[in-house]
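Notes follow once the structure below has been shown.
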Amino acid sequence: MKNIDSCQQKNVTNGTGYNAVACWQRNDLQRSISDDIAEEVPVALVYNGISHVVMMASPKDLEAFALGFSLSEGIIEHPRDISGMDVVSHCNGIEVQIELSSRRFMGLKERRRNLAGRTGCGICGVEQLNDIGRPLPVLPFSQRFSLSSLDPALSKMRQYQPVGDLTGCTHVALWLDNHGDILGGCEDVGRHVALDKMLGMRSRQQWQQGAMLVSSRASYEMVQKAVMCGVEILFAVSATTALAIDIAERSHLTLVGFCRKGQAKVYTHPQRLY
């Protein structure tokens, strides 16, 4: 027997965005109990009537996700490049229908890629290897952050994961001001999607000062998305990768991993920290 609980899903929704399931505990297979499970649905981003990408995501904050994805992927340069957005539910998923300006849509058509399900792999669906290392801006050194302010933010991270508290199944991305106060947070079953949602929320609020804190590891794609949106400091609760460090170094991003109470590992550009 596997050292896990055995669960059987039922087609019941309990009204809070999670699937109600019948679950048999490992130590009592004769009695079922109810459990809360995070929802994961296909979300298609459709630009001017053309489907561009399908991502597996939590069905919340999808307008912020679409905005953040559009910014972090370089599809738009500013939120005003989007003139309208509608979230439309279908029987097999959700469409976010986005109206781009003519100029941005022409640019998108020139570099369209067939991206599918990038929550687990940053290069899934990329048609050419050259698409991985797209040109990135070099960040200014305009931010400062006290590492002593990191612990209070870490201790409050779970407050921004209501789905995660019930299910243990989500990541969260937080925006911190220069004093370490949390201005906003977004959660999702996918770490890339949680980051995109937060980048979208940040652009709407025009939060410029501060740093990003994510509950996941910092892959190259997480670093790339942060750089594309002008984030100068990225804190990650878990590890990072060599490629992420290389991109952060070249783009002048301050990358910090293994952020836990009383500890952190600074990999690049420590001059922003004190």
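By order in the structure tokens, chains are A, B, ...; within a chain, residues start at 1; ligands start at 1, following the order shown.
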
Interface rows for region 134-164 of chain A against region 264-267 of chain A: nearest pair, Å to one decimal, 12 Å, only C-alpha atoms, as JSON lines:
{"residue": "A:Leu147", "atom": "CA", "partner": "A:Ala264", "partner_atom": "CA", "distance": 8.6}
{"residue": "A:Ser148", "atom": "CA", "partner": "A:Ala264", "partner_atom": "CA", "distance": 10.8}
{"residue": "A:Leu150", "atom": "CA", "partner": "A:Ala264", "partner_atom": "CA", "distance": 9.3}
{"residue": "A:Asp151", "atom": "CA", "partner": "A:Ala264", "partner_atom": "CA", "distance": 10.0}
{"residue": "A:Leu154", "atom": "CA", "partner": "A:Ala264", "partner_atom": "CA", "distance": 11.5}

* Any chance you could list, as an NGL selection string, the residues in region 41-203 of chain A that come up alpha helix (DSSP H) when DSSP is run on the backbone? => :A and (62-72 or 102-110 or 150-155 or 162-167 or 191-203)

* May I have the residues within 8 Å of Glu63 (chain A) as a list of chain:residue names, using only C-alpha atoms and disregarding those fewer than 2 positions away in the same chain? =>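 My list of contacting residues is A:Asp61, A:Phe65, A:Ala66, A:Leu67, A:Met85, A:Asp86, A:Val87, A:Val96, A:Gly200.
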
* Of the listed residues A:Phe141, A:Tyr274, A:Phe105, A:Phe69, that which approaches Asp196 (chain A) most closely, counting only C-alpha atoms -> A:Phe69

* **Test item, strand (DSSP E) assignment across region 6-252 of chain A, answer as number ranges by chain** => A: 6-13, 18-25, 28-38, 41-47, 50-57, 82-90, 93-100, 115-116, 171-176, 182-188, 211-214, 233-236
